[in-house]
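Engineer: Below is the file structure.pdb, with PDB, C-alpha atoms and all ligand atoms.
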ATOM      1  CA  MET A 107      -3.052 163.399  -7.788  1.00  0.00           C
ATOM      2  CA  LYS A 108      -2.107 163.113  -4.125  1.00  0.00           C
ATOM      3  CA  PHE A 109       1.446 162.622  -2.920  1.00  0.00           C
ATOM      4  CA  LEU A 110       2.747 161.843   0.556  1.00  0.00           C
ATOM      5  CA  ILE A 111       6.066 163.504   1.432  1.00  0.00           C
ATOM      6  CA  ILE A 112       7.996 161.737   4.195  1.00  0.00           C
ATOM      7  CA  ASN A 113      11.064 163.109   5.965  1.00  0.00           C
ATOM      8  CA  GLY A 114      13.028 160.963   8.380  1.00  0.00           C
ATOM      9  CA  PRO A 115      15.099 161.582  11.507  1.00  0.00           C
ATOM     10  CA  ASN A 116      16.827 164.884  12.217  1.00  0.00           C
ATOM     11  CA  LEU A 117      15.352 166.632   9.179  1.00  0.00           C
ATOM     12  CA  ASN A 118      13.258 168.634  11.672  1.00  0.00           C
ATOM     13  CA  MET A 119      16.651 170.077  12.748  1.00  0.00           C
ATOM     14  CA  LEU A 120      17.358 171.660   9.358  1.00  0.00           C
ATOM     15  CA  GLY A 121      18.897 175.120   9.706  1.00  0.00           C
ATOM     16  CA  ILE A 122      20.589 174.132  12.981  1.00  0.00           C
ATOM     17  CA  ARG A 123      22.012 170.816  11.883  1.00  0.00           C
ATOM     18  CA  GLU A 124      25.344 170.867   9.968  1.00  0.00           C
ATOM     19  CA  PRO A 125      24.408 173.873   7.802  1.00  0.00           C
ATOM     20  CA  SER A 126      27.523 173.419   5.660  1.00  0.00           C
ATOM     21  CA  ILE A 127      26.005 170.115   4.469  1.00  0.00           C
ATOM     22  CA  TYR A 128      22.248 170.670   4.711  1.00  0.00           C
ATOM     23  CA  GLY A 129      21.964 174.449   4.265  1.00  0.00           C
ATOM     24  CA  ALA A 130      20.773 177.329   6.423  1.00  0.00           C
ATOM     25  CA  GLN A 131      17.048 177.003   5.780  1.00  0.00           C
ATOM     26  CA  ASP A 132      14.901 175.326   8.422  1.00  0.00           C
ATOM     27  CA  TYR A 133      12.286 172.533   8.203  1.00  0.00           C
ATOM     28  CA  PRO A 134       9.269 174.896   7.964  1.00  0.00           C
ATOM     29  CA  ALA A 135      11.027 176.532   4.971  1.00  0.00           C
ATOM     30  CA  LEU A 136      11.368 173.085   3.360  1.00  0.00           C
ATOM     31  CA  ILE A 137       7.662 172.421   3.874  1.00  0.00           C
ATOM     32  CA  ARG A 138       6.754 175.815   2.365  1.00  0.00           C
ATOM     33  CA  PHE A 139       8.990 175.005  -0.624  1.00  0.00           C
ATOM     34  CA  ILE A 140       7.387 171.571  -1.085  1.00  0.00           C
ATOM     35  CA  GLU A 141       3.840 172.950  -0.781  1.00  0.00           C
ATOM     36  CA  LYS A 142       4.553 175.730  -3.294  1.00  0.00           C
ATOM     37  CA  SER A 143       6.198 173.277  -5.731  1.00  0.00           C
ATOM     38  CA  ALA A 144       3.223 170.920  -5.436  1.00  0.00           C
ATOM     39  CA  GLU A 145       0.689 173.690  -5.913  1.00  0.00           C
ATOM     40  CA  GLU A 146       2.477 174.877  -9.066  1.00  0.00           C
ATOM     41  CA  ALA A 147       2.411 171.294 -10.363  1.00  0.00           C
ATOM     42  CA  GLY A 148      -1.284 170.875  -9.502  1.00  0.00           C
ATOM     43  CA  ILE A 149      -0.516 168.137  -6.975  1.00  0.00           C
ATOM     44  CA  GLU A 150      -2.059 167.762  -3.514  1.00  0.00           C
ATOM     45  CA  VAL A 151       0.554 166.978  -0.850  1.00  0.00           C
ATOM     46  CA  SER A 152       0.690 165.963   2.797  1.00  0.00           C
ATOM     47  CA  CYS A 153       3.980 166.243   4.637  1.00  0.00           C
ATOM     48  CA  PHE A 154       5.040 163.927   7.457  1.00  0.00           C
ATOM     49  CA  GLN A 155       8.238 163.929   9.510  1.00  0.00           C
ATOM     50  CA  SER A 156       9.308 161.492  12.178  1.00  0.00           C
ATOM     51  CA  ASN A 157      12.429 160.529  14.072  1.00  0.00           C
ATOM     52  CA  HIS A 158      11.009 157.015  14.581  1.00  0.00           C
ATOM     53  CA  GLU A 159      11.370 154.122  12.149  1.00  0.00           C
ATOM     54  CA  GLY A 160       8.095 152.422  13.139  1.00  0.00           C
ATOM     55  CA  ALA A 161       6.142 155.670  12.756  1.00  0.00           C
ATOM     56  CA  ILE A 162       7.458 155.976   9.193  1.00  0.00           C
ATOM     57  CA  VAL A 163       6.469 152.347   8.480  1.00  0.00           C
ATOM     58  CA  ASP A 164       2.966 153.077   9.881  1.00  0.00           C
ATOM     59  CA  GLU A 165       2.626 156.159   7.670  1.00  0.00           C
ATOM     60  CA  ILE A 166       3.645 154.246   4.532  1.00  0.00           C
ATOM     61  CA  GLN A 167       1.121 151.492   5.332  1.00  0.00           C
ATOM     62  CA  LYS A 168      -1.635 154.101   5.880  1.00  0.00           C
ATOM     63  CA  ALA A 169      -0.855 155.609   2.466  1.00  0.00           C
ATOM     64  CA  LEU A 170      -2.333 152.555   0.705  1.00  0.00           C
ATOM     65  CA  GLY A 171      -5.436 153.574  -1.228  1.00  0.00           C
ATOM     66  CA  VAL A 172      -5.002 157.221  -0.190  1.00  0.00           C
ATOM     67  CA  TYR A 173      -1.925 158.507  -2.064  1.00  0.00           C
ATOM     68  CA  ASP A 174      -0.848 158.050  -5.679  1.00  0.00           C
ATOM     69  CA  GLY A 175       2.844 158.598  -4.994  1.00  0.00           C
ATOM     70  CA  ILE A 176       5.386 158.936  -2.206  1.00  0.00           C
ATOM     71  CA  VAL A 177       8.462 161.191  -2.001  1.00  0.00           C
ATOM     72  CA  ILE A 178      10.715 160.060   0.814  1.00  0.00           C
ATOM     73  CA  ASN A 179      13.924 161.252   2.391  1.00  0.00           C
ATOM     74  CA  PRO A 180      14.464 158.471   4.951  1.00  0.00           C
ATOM     75  CA  ALA A 181      17.582 160.327   6.230  1.00  0.00           C
ATOM     76  CA  ALA A 182      19.780 157.968   8.304  1.00  0.00           C
ATOM     77  CA  TYR A 183      17.219 155.142   7.886  1.00  0.00           C
ATOM     78  CA  THR A 184      18.184 155.104   4.204  1.00  0.00           C
ATOM     79  CA  HIS A 185      21.326 153.274   5.213  1.00  0.00           C
ATOM     80  CA  THR A 186      19.865 150.901   7.811  1.00  0.00           C
ATOM     81  CA  SER A 187      16.172 150.209   7.378  1.00  0.00           C
ATOM     82  CA  VAL A 188      14.922 147.024   5.778  1.00  0.00           C
ATOM     83  CA  ALA A 189      11.567 147.744   7.497  1.00  0.00           C
ATOM     84  CA  ILE A 190      11.041 150.970   5.510  1.00  0.00           C
ATOM     85  CA  LEU A 191      12.102 149.203   2.290  1.00  0.00           C
ATOM     86  CA  ASP A 192       9.618 146.398   3.002  1.00  0.00           C
ATOM     87  CA  ALA A 193       6.823 148.903   3.737  1.00  0.00           C
ATOM     88  CA  VAL A 194       7.321 150.627   0.365  1.00  0.00           C
ATOM     89  CA  LYS A 195       7.370 147.226  -1.360  1.00  0.00           C
ATOM     90  CA  ALA A 196       4.240 146.166   0.548  1.00  0.00           C
ATOM     91  CA  VAL A 197       2.102 149.109  -0.589  1.00  0.00           C
ATOM     92  CA  SER A 198       3.523 149.222  -4.153  1.00  0.00           C
ATOM     93  CA  ILE A 199       2.992 152.981  -4.373  1.00  0.00           C
ATOM     94  CA  PRO A 200       5.439 154.597  -6.827  1.00  0.00           C
ATOM     95  CA  THR A 201       8.112 156.172  -4.634  1.00  0.00           C
ATOM     96  CA  VAL A 202      10.968 158.602  -5.252  1.00  0.00           C
ATOM     97  CA  GLU A 203      13.999 158.799  -2.928  1.00  0.00           C
ATOM     98  CA  VAL A 204      15.403 162.267  -2.157  1.00  0.00           C
ATOM     99  CA  HIS A 205      18.525 163.401  -0.303  1.00  0.00           C
ATOM    100  CA  LEU A 206      19.508 167.012   0.261  1.00  0.00           C
ATOM    101  CA  SER A 207      23.217 166.211   0.200  1.00  0.00           C
ATOM    102  CA  ASP A 208      25.167 164.239  -2.384  1.00  0.00           C
ATOM    103  CA  VAL A 209      25.421 161.018  -0.399  1.00  0.00           C
ATOM    104  CA  SER A 210      27.607 159.445  -3.116  1.00  0.00           C
ATOM    105  CA  LYS A 211      30.424 161.812  -2.121  1.00  0.00           C
ATOM    106  CA  ARG A 212      30.153 161.202   1.633  1.00  0.00           C
ATOM    107  CA  GLU A 213      31.153 158.447   4.117  1.00  0.00           C
ATOM    108  CA  ASP A 214      31.234 154.768   3.139  1.00  0.00           C
ATOM    109  CA  PHE A 215      28.290 153.957   5.417  1.00  0.00           C
ATOM    110  CA  ARG A 216      26.111 156.342   3.372  1.00  0.00           C
ATOM    111  CA  GLN A 217      26.812 154.429   0.135  1.00  0.00           C
ATOM    112  CA  ILE A 218      24.190 151.812   0.961  1.00  0.00           C
ATOM    113  CA  SER A 219      20.569 152.706   0.322  1.00  0.00           C
ATOM    114  CA  TYR A 220      18.120 149.962   1.202  1.00  0.00           C
ATOM    115  CA  ILE A 221      15.121 151.863  -0.092  1.00  0.00           C
ATOM    116  CA  ARG A 222      16.616 152.604  -3.531  1.00  0.00           C
ATOM    117  CA  GLN A 223      15.680 149.192  -4.950  1.00  0.00           C
ATOM    118  CA  ALA A 224      11.986 149.956  -4.337  1.00  0.00           C
ATOM    119  CA  CYS A 225      12.133 153.482  -5.816  1.00  0.00           C
ATOM    120  CA  VAL A 226      11.398 154.599  -9.368  1.00  0.00           C
ATOM    121  CA  LYS A 227      13.953 157.438  -9.138  1.00  0.00           C
ATOM    122  CA  THR A 228      16.514 159.018  -6.789  1.00  0.00           C
ATOM    123  CA  TYR A 229      17.572 162.671  -6.465  1.00  0.00           C
ATOM    124  CA  THR A 230      20.646 163.564  -4.412  1.00  0.00           C
ATOM    125  CA  GLY A 231      22.662 166.697  -3.803  1.00  0.00           C
ATOM    126  CA  LEU A 232      20.109 169.191  -5.117  1.00  0.00           C
ATOM    127  CA  GLY A 233      19.013 170.554  -1.735  1.00  0.00           C
ATOM    128  CA  PHE A 234      15.325 171.547  -1.578  1.00  0.00           C
ATOM    129  CA  GLU A 235      15.153 171.423  -5.385  1.00  0.00           C
ATOM    130  CA  GLY A 236      15.360 167.611  -5.214  1.00  0.00           C
ATOM    131  CA  TYR A 237      11.861 167.490  -3.717  1.00  0.00           C
ATOM    132  CA  ARG A 238      10.466 169.656  -6.552  1.00  0.00           C
ATOM    133  CA  GLN A 239      12.151 167.427  -9.142  1.00  0.00           C
ATOM    134  CA  ALA A 240      10.730 164.350  -7.385  1.00  0.00           C
ATOM    135  CA  ILE A 241       7.184 165.754  -7.466  1.00  0.00           C
ATOM    136  CA  LEU A 242       7.483 166.638 -11.168  1.00  0.00           C
ATOM    137  CA  PHE A 243       8.989 163.248 -12.013  1.00  0.00           C
ATOM    138  CA  LEU A 244       6.239 161.347 -10.151  1.00  0.00           C
ATOM    139  CA  LYS A 245       3.543 163.413 -11.864  1.00  0.00           C
ATOM    140  CA  GLU A 246       4.955 162.505 -15.316  1.00  0.00           C
ATOM    141  CA  TYR A 247       5.564 158.891 -14.275  1.00  0.00           C
ATOM    142  CA  LEU A 248       1.976 158.437 -13.099  1.00  0.00           C
ATOM    143  CA  ALA A 249       0.520 160.183 -16.154  1.00  0.00           C
ATOM    144  CA  LYS A 250       2.077 157.533 -18.435  1.00  0.00           C
TER     145      LYS A 250
HETATM  146  C1  LIG B 301      20.250 162.769   4.100  1.00  0.00           C
HETATM  147  C2  LIG B 301      21.583 161.985   3.978  1.00  0.00           C
HETATM  148  C3  LIG B 301      21.671 160.926   5.054  1.00  0.00           C
HETATM  149  O1  LIG B 301      22.896 160.202   4.927  1.00  0.00           O
HETATM  150  C4  LIG B 301      21.629 161.552   6.426  1.00  0.00           C
HETATM  151  O2  LIG B 301      21.651 160.558   7.431  1.00  0.00           O
HETATM  152  C5  LIG B 301      20.483 162.472   6.613  1.00  0.00           C
HETATM  153  C6  LIG B 301      20.064 163.330   5.498  1.00  0.00           C
HETATM  154  C7  LIG B 301      20.173 163.938   3.104  1.00  0.00           C
HETATM  155  O3  LIG B 301      19.085 164.462   2.926  1.00  0.00           O
HETATM  156  O4  LIG B 301      21.200 164.337   2.539  1.00  0.00           O
HETATM  157  O5  LIG B 301      19.949 162.620   7.707  1.00  0.00           O
HETATM  158  O6  LIG B 301      19.198 161.881   3.798  1.00  0.00           O
END
Rewrite the coordinates I just gave you, this time as structure tokens.
Ligand code: DQA
Structural biologist:
Amino acid sequence: MKFLIINGPNLNMLGIREPSIYGAQDYPALIRFIEKSAEEAGIEVSCFQSNHEGAIVDEIQKALGVYDGIVINPAAYTHTSVAILDAVKAVSIPTVEVHLSDVSKREDFRQISYIRQACVKTYTGLGFEGYRQAILFLKEYLAK
């Protein structure tokens, strides 16, 4: 099984960015964690990060016929992007939404997630562990 892992804007700033919310570990540490989690689960992964909405839409479109599942943390685009929602709907690839922080306990504007309606599962507030849970969930989901 092959999964595409997508991280949205400012996640490349992990470790520097608001460490009290997002933790002290940097983006390369997140990628190492994801790759190790995937290897242990016997899943092949590719990781993609972009600060640009259209680049994320392009990547989701390119996933068609290539990846079995998508794990996405759209970051701020979670709360604004109909285009990313539509891209996930267009490819119909089972997708899991992940957030490092517990968005449900944060500002009002973070309470809307456009992408959630196209996702088979959401993990929030688990830090890096959310990505591991998402990979394991997708593996089980696709095996059924
Ligand atoms: C985030 C939560 C979003 O509200 C925020 O804009 C992010 C990161 C998270 O992982 O907790 O950039 O998706």
Engineer: With all atoms listed in the file counted, collect every polymer residue having an atom within 12 Å of ligand LIG 301 (chain B); state the result as a ChimeraX atom specification.
Structural biologist: /A:112-120,123-129,133,136,155-157,178-187,203-221,228-237
Engineer: List every protein, DNA or RNA residue that has at least one atom no more than 10 Å from (-5.9, 161.1, -6.6) in the file's coordinates, counting all atoms listed in the file, and write the result as a list in words.
Structural biologist: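 It turns out the residues near that spot are Met107, Lys108, Phe109, Ile149, Glu150, Gly171, Val172, Tyr173, Asp174 and Gly175 of chain A.
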Engineer: Against range 240-246 of chain A, which residues of range 124-227 of chain A fall within 7 Å? For each one I want the closest pair of atoms and the distance in Å (one decimal), counting only C-alpha atoms, rows by chain and increasing residue number, as a Markdown table.
Structural biologist:
| residue | atom | partner | partner_atom | distance |
| --- | --- | --- | --- | --- |
| A:Ala144 | CA | A:Ile241 | CA | 6.8 |
| A:Ala147 | CA | A:Leu242 | CA | 6.9 |
| A:Gly175 | CA | A:Leu244 | CA | 6.8 |
| A:Val177 | CA | A:Ala240 | CA | 6.6 |
| A:Val202 | CA | A:Ala240 | CA | 6.1 |
Engineer: So the first atom is CA of Arg222 in chain A and the second is CA of Leu110 in chain A; what is the distance between them in Å, to one decimal place?
Structural biologist: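 Taking CA of Arg222 in chain A as the start and CA of Leu110 in chain A as the end point, the length is 17.2 Å.
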Engineer: Name the closest residue to Ala193 in chain A among the candidates A:Val151, A:Ala161, A:Ile122, A:Leu248; distances are taken between atoms, counting only C-alpha atoms.
Structural biologist: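 Of A:Val151, A:Ala161, A:Ile122, A:Leu248, the one nearest Ala193 in chain A is A:Ala161, counting only C-alpha atoms.
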Engineer: One number please: CA of Glu159 in chain A to CA of Tyr247 in chain A, in Å, one decimal.
Structural biologist: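 So the answer is 27.5 Å.
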Engineer: So for range 234-249 of chain A, what box centre and size do we get, axis-aligned, 5 Å extra on each of the six sides, every listed atom, Å to one decimal, as AutoDock Vina command-line options?
Structural biologist:
--center_x 7.9 --center_y 165.0 --center_z -8.9 --size_x 24.8 --size_y 23.1 --size_z 24.6
Engineer: Could you check which of A:Lys227, A:Thr201, A:Val163, A:His158 is closest to Val188 in chain A, using only C-alpha atoms?
Structural biologist: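 Using only C-alpha atoms, Val188 in chain A sits closest to A:Val163.
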Engineer: So what do you get for CA of Ile111 in chain A versus CA of Ser152 in chain A, distance-wise?
Structural biologist: 6.1 Å
Engineer: Name the closest residue to Val197 in chain A among the candidates A:Cys225, A:Ile166, A:Ile176, A:Ile140; distances are taken between atoms, counting only C-alpha atoms.
Structural biologist: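 Closest to Val197 in chain A of all the choices is A:Ile166.
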